[in-house]
>>> print(open('run.txt').read())   # compact mmCIF, C-alpha atoms
# COMPACT_ATOMS: atom_id res chain seq x y z
CA MET I 1 76.68 83.64 91.68
CA VAL I 2 78.00 82.95 95.19
CA THR I 3 78.96 79.36 96.06
CA PRO I 4 80.89 77.81 98.96
CA ALA I 5 83.99 77.86 96.74
CA GLY I 6 83.88 81.52 95.71
CA ALA I 7 81.94 83.96 93.56
CA VAL I 8 81.42 84.23 89.82
CA LEU I 9 80.29 87.38 88.08
CA ILE I 10 77.97 86.49 85.18
CA SER I 11 77.81 89.25 82.57
CA ALA I 12 76.69 89.84 79.00
CA GLY I 13 79.03 89.74 76.03
CA ILE I 14 78.10 93.30 75.07
CA ASP I 15 80.22 94.49 78.02
CA ALA I 16 83.27 92.44 76.92
CA GLY I 17 86.10 92.39 79.46
CA GLN I 18 85.07 95.34 81.63
CA PRO I 19 83.10 93.30 84.21
CA TRP I 20 86.01 90.88 84.58
CA ARG I 21 88.47 93.76 85.13
CA ARG I 22 86.37 95.08 88.03
CA SER I 23 85.41 91.75 89.64
CA ALA I 24 87.02 90.36 92.77
CA TRP I 25 86.73 86.67 91.85
CA GLU I 26 85.95 84.85 88.62
CA SER I 27 83.96 86.15 85.67
CA LEU I 28 81.85 84.32 83.10
CA THR I 29 80.62 86.03 79.93
CA TYR I 30 77.61 84.78 77.97
CA THR I 31 76.39 85.64 74.47
CA ASP I 32 72.90 86.45 73.26
CA TRP I 33 73.15 84.06 70.30
CA THR I 34 70.64 81.66 71.87
CA HIS I 35 67.57 82.49 73.92
CA ASP I 36 68.06 82.15 77.71
CA ASN I 37 71.85 81.91 77.54
CA PHE I 38 71.95 83.90 80.77
CA TRP I 39 70.18 81.10 82.61
CA ARG I 40 72.40 78.50 80.96
CA ALA I 41 75.40 80.39 82.31
CA VAL I 42 73.89 80.46 85.80
CA ALA I 43 73.19 76.72 85.63
CA HIS I 44 76.75 76.11 84.43
CA VAL I 45 78.04 77.65 87.65
CA ALA I 46 75.32 76.61 90.09
CA GLY I 47 74.40 73.16 88.81
CA ARG I 48 70.95 71.63 89.19
CA GLY I 49 69.13 70.33 92.24
CA ARG I 50 70.92 72.59 94.72
CA ALA I 51 69.60 74.88 97.46
CA VAL I 52 69.26 78.34 95.90
CA GLY I 53 69.09 81.66 97.71
CA HIS I 54 67.74 84.64 95.82
CA GLU I 55 66.67 88.22 96.48
CA GLY I 56 62.91 88.01 96.11
CA ASP I 57 62.36 91.74 95.75
CA HIS I 58 64.32 91.65 92.47
CA LEU I 59 62.99 88.37 91.04
CA THR I 60 60.20 88.79 88.50
CA LEU I 61 57.58 86.11 87.96
CA GLU I 62 59.13 85.28 84.59
CA ALA I 63 62.64 84.99 86.04
CA SER I 64 61.33 82.89 88.91
CA ALA I 65 59.85 80.39 86.46
CA LYS I 66 63.11 80.21 84.51
CA LEU I 67 65.10 79.71 87.70
CA ASP I 68 62.98 76.64 88.41
CA THR I 69 63.33 75.38 84.83
CA PHE I 70 67.09 75.73 84.48
CA LEU I 71 68.25 75.08 88.07
CA ALA I 72 65.54 72.71 89.36
CA PRO I 73 66.41 73.76 92.92
CA ALA I 74 65.95 71.30 95.76
CA ARG I 75 64.72 74.28 97.77
CA ARG I 76 64.59 78.06 97.47
CA MET I 77 65.08 80.75 100.07
CA ASP I 78 64.53 84.50 99.87
CA ILE I 79 67.72 86.00 101.31
CA ALA I 80 66.78 89.64 100.59
CA PRO I 81 65.79 90.59 104.18
CA ALA I 82 68.95 89.08 105.67
CA ALA I 83 71.19 90.63 103.02
CA MET I 84 69.54 93.99 103.62
CA ARG I 85 70.23 93.79 107.36
CA GLN I 86 73.90 93.10 106.60
CA ARG I 87 74.11 96.08 104.25
CA MET I 88 72.67 98.44 106.86
CA VAL I 89 75.90 98.40 108.87
CA LYS I 90 78.84 99.74 106.90
CA SER I 91 82.46 98.64 107.14
CA PRO I 92 85.18 101.19 107.99
CA ALA I 93 86.21 101.18 104.30
CA GLU I 94 82.66 101.94 103.21
CA ILE I 95 82.34 104.76 105.74
CA ALA I 96 85.64 106.25 104.52
CA LEU I 97 84.30 106.22 100.95
CA ILE I 98 80.98 107.77 102.05
CA ARG I 99 82.93 110.54 103.82
CA GLU I 100 84.72 111.29 100.57
CA GLY I 101 81.38 111.36 98.77
CA ALA I 102 80.03 113.90 101.26
CA ARG I 103 83.13 116.06 100.73
CA VAL I 104 82.72 115.91 96.95
CA ALA I 105 79.03 116.81 97.29
CA ASP I 106 79.99 119.91 99.28
CA LEU I 107 82.30 120.97 96.44
CA GLY I 108 79.50 120.45 93.94
CA GLY I 109 77.26 122.62 96.09
CA GLU I 110 79.83 125.41 96.11
CA ALA I 111 80.09 125.27 92.30
CA ILE I 112 76.32 125.45 92.01
CA ARG I 113 76.09 128.42 94.35
CA ASP I 114 78.78 130.21 92.34
CA ALA I 115 76.88 129.56 89.07
CA ILE I 116 73.53 130.91 90.28
CA ALA I 117 72.56 134.24 88.75
CA GLU I 118 69.48 135.90 87.39
CA GLY I 119 68.79 134.77 83.81
CA VAL I 120 70.89 131.58 84.01
CA CYS I 121 69.17 128.30 83.01
CA GLU I 122 68.63 125.48 85.49
CA ILE I 123 70.53 123.08 83.22
CA ASP I 124 73.61 125.33 83.11
CA VAL I 125 73.74 125.53 86.90
CA ALA I 126 73.30 121.76 87.17
CA MET I 127 76.15 121.10 84.72
CA ALA I 128 78.48 123.35 86.71
CA GLY I 129 77.87 121.28 89.84
CA ARG I 130 78.20 117.95 88.04
CA ASP I 131 81.44 118.97 86.31
CA ALA I 132 82.97 120.10 89.61
CA MET I 133 82.14 116.81 91.30
CA GLU I 134 83.36 114.61 88.45
CA THR I 135 86.62 116.57 88.26
CA GLU I 136 87.25 116.06 91.97
CA ILE I 137 86.26 112.37 91.90
CA ALA I 138 88.74 111.76 89.07
CA ARG I 139 91.47 113.58 91.00
CA ALA I 140 90.83 111.80 94.30
CA PHE I 141 90.14 108.35 92.78
CA PRO I 142 92.37 108.02 89.70
CA ASP I 143 91.86 104.25 89.49
CA ALA I 144 88.05 104.35 89.61
CA GLU I 145 85.53 104.34 86.79
CA TYR I 146 83.27 107.35 86.39
CA ARG I 147 79.56 107.20 85.66
CA ASP I 148 76.22 108.43 86.97
CA THR I 149 77.27 111.42 89.10
CA TRP I 150 74.37 113.83 88.69
CA VAL I 151 72.75 117.09 89.84
CA TRP I 152 69.12 118.14 90.14
CA PHE I 153 68.88 121.91 90.29
CA GLN I 154 65.32 123.21 90.41
CA SER I 155 63.81 126.69 90.59
CA GLY I 156 60.42 128.21 91.28
CA LEU I 157 57.57 125.71 91.25
CA ASN I 158 59.93 123.10 89.79
CA THR I 159 61.15 122.68 93.38
CA ASP I 160 57.84 121.09 94.44
CA GLY I 161 59.01 117.53 93.69
CA ALA I 162 62.20 116.15 95.19
CA HIS I 163 63.10 114.30 91.98
CA ASN I 164 61.84 116.78 89.38
CA PRO I 165 63.97 116.83 86.20
CA VAL I 166 66.18 119.79 85.38
CA THR I 167 64.73 122.21 82.80
CA ALA I 168 65.91 125.17 80.72
CA ARG I 169 63.91 127.61 82.86
CA ARG I 170 65.81 130.84 83.51
CA LEU I 171 66.25 131.95 87.10
CA GLN I 172 64.30 135.00 88.24
CA ARG I 173 64.72 137.37 91.16
CA GLY I 174 62.73 136.05 94.13
CA ASP I 175 62.93 132.38 93.05
CA ILE I 176 63.09 129.56 95.54
CA LEU I 177 65.91 127.22 94.48
CA SER I 178 66.68 123.57 95.27
CA LEU I 179 70.28 122.33 95.08
CA ASN I 180 70.75 118.54 94.90
CA CYS I 181 74.20 116.97 94.39
CA PHE I 182 74.70 113.21 93.96
CA PRO I 183 78.31 112.08 93.52
CA MET I 184 78.72 108.41 92.59
CA ILE I 185 82.09 106.87 93.50
CA SER I 186 82.48 103.23 92.43
CA GLY I 187 78.72 102.80 92.72
CA TYR I 188 78.46 104.42 96.18
CA TYR I 189 75.89 107.17 96.40
CA THR I 190 75.97 110.25 98.63
CA ALA I 191 73.91 113.42 98.54
CA LEU I 192 73.70 117.08 99.47
CA GLU I 193 70.39 118.98 99.24
CA ARG I 194 69.73 122.59 100.12
CA THR I 195 67.07 125.28 99.78
CA LEU I 196 68.26 128.67 98.54
CA PHE I 197 66.63 131.91 97.38
CA LEU I 198 67.70 134.25 94.62
CA GLY I 199 67.04 137.53 96.38
CA GLU I 200 65.14 138.07 99.61
CA PRO I 201 62.27 135.60 100.16
CA ASP I 202 58.84 136.95 100.95
CA ALA I 203 57.56 136.68 104.53
CA ALA I 204 55.52 133.50 103.95
CA SER I 205 58.42 131.71 102.25
CA LEU I 206 60.84 132.73 104.99
CA THR I 207 58.50 131.42 107.70
CA ILE I 208 58.15 128.03 106.02
CA TRP I 209 61.89 127.79 105.31
CA GLN I 210 62.75 128.59 108.93
CA ALA I 211 60.27 125.97 110.15
CA ASN I 212 61.78 123.31 107.90
CA VAL I 213 65.28 124.25 109.08
CA ALA I 214 64.10 123.89 112.68
CA ALA I 215 62.62 120.47 111.86
CA HIS I 216 65.95 119.54 110.26
CA GLU I 217 67.90 120.54 113.36
CA LEU I 218 65.49 118.65 115.60
CA GLY I 219 65.95 115.57 113.43
CA LEU I 220 69.73 115.87 113.60
CA SER I 221 69.52 115.90 117.40
CA LEU I 222 67.38 112.74 117.45
CA ILE I 223 69.76 110.54 115.44
CA ARG I 224 71.82 108.47 117.88
CA PRO I 225 72.49 104.80 118.67
CA GLY I 226 69.49 103.12 120.26
CA ALA I 227 66.92 105.40 118.64
CA ARG I 228 64.18 103.77 116.56
CA CYS I 229 63.47 105.11 113.09
CA CYS I 230 59.75 105.39 113.82
CA ASP I 231 60.38 107.35 117.05
CA ILE I 232 62.57 109.88 115.23
CA THR I 233 59.78 110.27 112.70
CA ALA I 234 57.16 110.73 115.42
CA GLY I 235 59.21 113.47 117.06
CA ILE I 236 59.51 115.50 113.86
CA ASN I 237 55.86 114.86 112.99
CA ALA I 238 54.80 116.30 116.33
CA PHE I 239 57.00 119.36 115.79
CA LEU I 240 55.44 120.08 112.38
CA ALA I 241 51.91 119.32 113.58
CA GLU I 242 52.24 121.96 116.32
CA ARG I 243 52.95 124.49 113.56
CA ASP I 244 50.12 123.26 111.30
CA LEU I 245 52.66 122.16 108.68
CA LEU I 246 52.51 118.36 108.87
CA GLN I 247 50.10 118.15 105.94
CA TYR I 248 52.85 119.63 103.73
CA ARG I 249 55.41 116.94 104.58
CA THR I 250 56.49 115.28 101.34
CA PHE I 251 58.15 111.96 102.32
CA GLY I 252 60.01 110.20 105.13
CA TYR I 253 62.76 112.09 106.92
CA GLY I 254 65.83 110.07 105.91
CA HIS I 255 67.35 106.90 104.53
CA SER I 256 70.43 104.70 104.37
CA PHE I 257 73.46 105.01 102.08
CA GLY I 258 75.63 102.64 100.09
CA ILE I 259 75.48 101.04 96.66
CA LEU I 260 72.83 102.63 94.48
CA SER I 261 71.68 102.21 90.90
CA HIS I 262 69.04 103.93 88.83
CA TYR I 263 67.31 100.56 88.76
CA TYR I 264 67.07 99.85 92.48
CA GLY I 265 66.88 101.80 95.70
CA ARG I 266 68.28 101.88 99.20
CA GLU I 267 67.65 99.63 102.19
CA ALA I 268 63.92 99.74 102.94
CA GLY I 269 64.56 98.72 106.56
CA LEU I 270 66.59 101.84 107.31
CA GLU I 271 64.16 104.60 106.32
CA LEU I 272 63.00 107.26 108.78
CA ARG I 273 59.28 106.55 108.43
CA GLU I 274 56.36 105.75 110.72
CA ASP I 275 56.37 102.03 109.83
CA ILE I 276 60.09 101.30 110.32
CA GLU I 277 61.06 100.06 113.80
CA THR I 278 64.77 99.49 113.09
CA VAL I 279 67.03 100.55 115.97
CA LEU I 280 70.01 102.68 114.94
CA GLU I 281 73.40 101.19 115.81
CA PRO I 282 77.07 102.09 115.30
CA GLY I 283 78.16 101.76 111.69
CA MET I 284 74.85 102.79 110.20
CA VAL I 285 74.83 105.83 107.92
CA VAL I 286 71.59 107.78 107.48
CA SER I 287 70.37 111.09 106.13
CA MET I 288 68.21 113.72 107.76
CA GLU I 289 66.16 115.49 105.10
CA PRO I 290 62.77 116.95 105.99
CA MET I 291 60.86 118.45 103.06
CA LEU I 292 57.79 120.67 103.02
CA THR I 293 55.93 121.25 99.74
CA ILE I 294 53.53 124.19 99.55
CA PRO I 295 51.13 123.87 96.61
CA GLU I 296 50.94 126.36 93.76
CA GLY I 297 48.66 129.31 94.55
CA GLN I 298 49.41 129.34 98.27
CA PRO I 299 51.80 131.81 99.95
CA GLY I 300 55.32 130.42 99.95
CA ALA I 301 54.63 127.92 97.16
CA GLY I 302 57.48 125.53 96.36
CA GLY I 303 59.57 122.79 97.94
CA TYR I 304 61.83 123.30 100.97
CA ARG I 305 64.43 120.64 101.75
CA GLU I 306 67.70 120.30 103.68
CA HIS I 307 69.78 117.09 103.61
CA ASP I 308 72.74 116.06 105.78
CA ILE I 309 74.53 112.69 106.15
CA LEU I 310 75.19 111.26 109.60
CA VAL I 311 77.44 108.37 110.66
CA VAL I 312 76.09 106.66 113.78
CA GLY I 313 78.82 105.95 116.35
CA GLU I 314 79.03 104.48 119.83
CA ASP I 315 77.99 107.66 121.66
CA GLY I 316 76.13 109.72 119.08
CA ALA I 317 76.13 110.61 115.41
CA GLU I 318 78.65 112.59 113.36
CA ASN I 319 77.36 114.96 110.70
CA ILE I 320 79.75 114.66 107.72
CA THR I 321 78.00 117.27 105.56
CA GLY I 322 79.73 120.65 105.58
CA PHE I 323 77.70 122.84 103.21
CA PRO I 324 75.76 125.46 105.23
CA TYR I 325 71.98 125.53 105.36
CA GLY I 326 69.31 128.08 106.13
CA PRO I 327 68.50 131.74 105.41
CA GLY I 328 71.67 132.99 107.07
CA ARG I 329 73.87 131.54 104.31
CA ASN I 330 71.70 130.69 101.32
CA ILE I 331 69.97 133.90 100.29
CA LEU I 332 71.94 134.91 97.21
>>> encode(input="run.txt", output="structure tokens")
Amino acid sequence: MVTPAGAVLISAGIDAGQPWRRSAWESLTYTDWTHDNFWRAVAHVAGRGRAVGHEGDHLTLEASAKLDTFLAPARRMDIAPAAMRQRMVKSPAEIALIREGARVADLGGEAIRDAIAEGVCEIDVAMAGRDAMETEIARAFPDAEYRDTWVWFQSGLNTDGAHNPVTARRLQRGDILSLNCFPMISGYYTALERTLFLGEPDAASLTIWQANVAAHELGLSLIRPGARCCDITAGINAFLAERDLLQYRTFGYGHSFGILSHYYGREAGLELREDIETVLEPGMVVSMEPMLTIPEGQPGAGGYREHDILVVGEDGAENITGFPYGPGRNIL
């Protein structure tokens, strides 16, 4: 709860003193002994009859009704769009943390590559990458708290969805592989995603992989201050359409970075999609991650994806991802 005088973190009694230990200002804990104690705690801080700003994209109909009941606001304003615009441009401290996240993701990728072998389960490879990242995060950030660093490692047709869960499938010679590392440092999310093959890919798979790598490199070249998200998207769309591959595009070509939770996503206004006209500016951090999914039964079936993180500066964009991509380095 942000007021002119400061900020109060309102948290549930089940979490005891942990929220207070990590908060920058005051902290108020409520119990669940009486229904709607959360809203009583909010009203205790905010008072009644005040002007209330809220993030409308997180406010359910039920919560909206209770806000009116307990706070009786003189007026309400949805501050979500304005808050999102502020979050799009990162501070130097945030960019430094994101750089560290990209470095940790690279280390996770190396651990995954080292763990890949014929007959090994997806889950075992994923755990190797997660353990490597958490070990490094704890070393580099000894005063942090550690939770939610994760890996998706997919093989064969399990690569067709970007967010497919890890399974116990055993790797086979000729498999397409998808490496996805997500270190979480104090709630800040970064990512590394790569296509690999266990053994030489067949001709159809190699052609599709090379085309996606070329789309990735084109996208990297288009990210710069002054570029519009929709124009970057149009450029890559045209490239894939010329090769009759656009129909296999899976999702938009990139997104913002920052605070992430399993319960909410990134900044919708900084996605590389056809409908986003946001102009890139210094301090923004975005990914480039084209993905082609070839359906089961077609030559080259599976999902192909490369993912780098770029920091937009005054004169261009800096790629802070170091793990190599493409057939030259990732045929194992």
>>> closest_atom_pairs(input="run.txt", of="region 173-272 of chain I", to="region 319-322 of chain I", cutoff="12 Å", atoms="only C-alpha atoms", output="tab-separated table")
residue	atom	partner	partner_atom	distance
I:Cys181	CA	I:Thr321	CA	11.8
I:Thr190	CA	I:Thr321	CA	10.1
I:Ala191	CA	I:Thr321	CA	9.0
I:Leu192	CA	I:Thr321	CA	7.5
I:Glu193	CA	I:Thr321	CA	10.0
I:Arg194	CA	I:Thr321	CA	11.2
I:Glu217	CA	I:Asn319	CA	11.3
I:Gly219	CA	I:Asn319	CA	11.7
I:Leu220	CA	I:Asn319	CA	8.2
I:Ser221	CA	I:Asn319	CA	10.4
I:Ile223	CA	I:Asn319	CA	10.0
I:Arg224	CA	I:Asn319	CA	11.2
>>> residues_around(input="run.txt", residues="Thr233 (chain I)", least_positions_apart="3", cutoff="12 Å", atoms="all atoms listed in the file", output="PyMOL selection string")
chain I and resi 215-216+218-220+222-223+227-230+236-240+246+249+251-255+271-278+288-290
>>> atom_distance(input="run.txt", atom1="CA of Leu245 (chain I)", atom2="CA of Ala301 (chain I)")
13.0 Å
>>> residues_around(input="run.txt", residues="Ala5 (chain I)", least_positions_apart="6", cutoff="12 Å", atoms="only C-alpha atoms", output="number ranges by chain")
I: 25-26, 45-46
>>> closest_residue(input="run.txt", among="I:Leu157, I:Ala117, I:Leu107, I:Ala93", to="Arg173 (chain I)", atoms="all atoms listed in the file")
I:Ala117
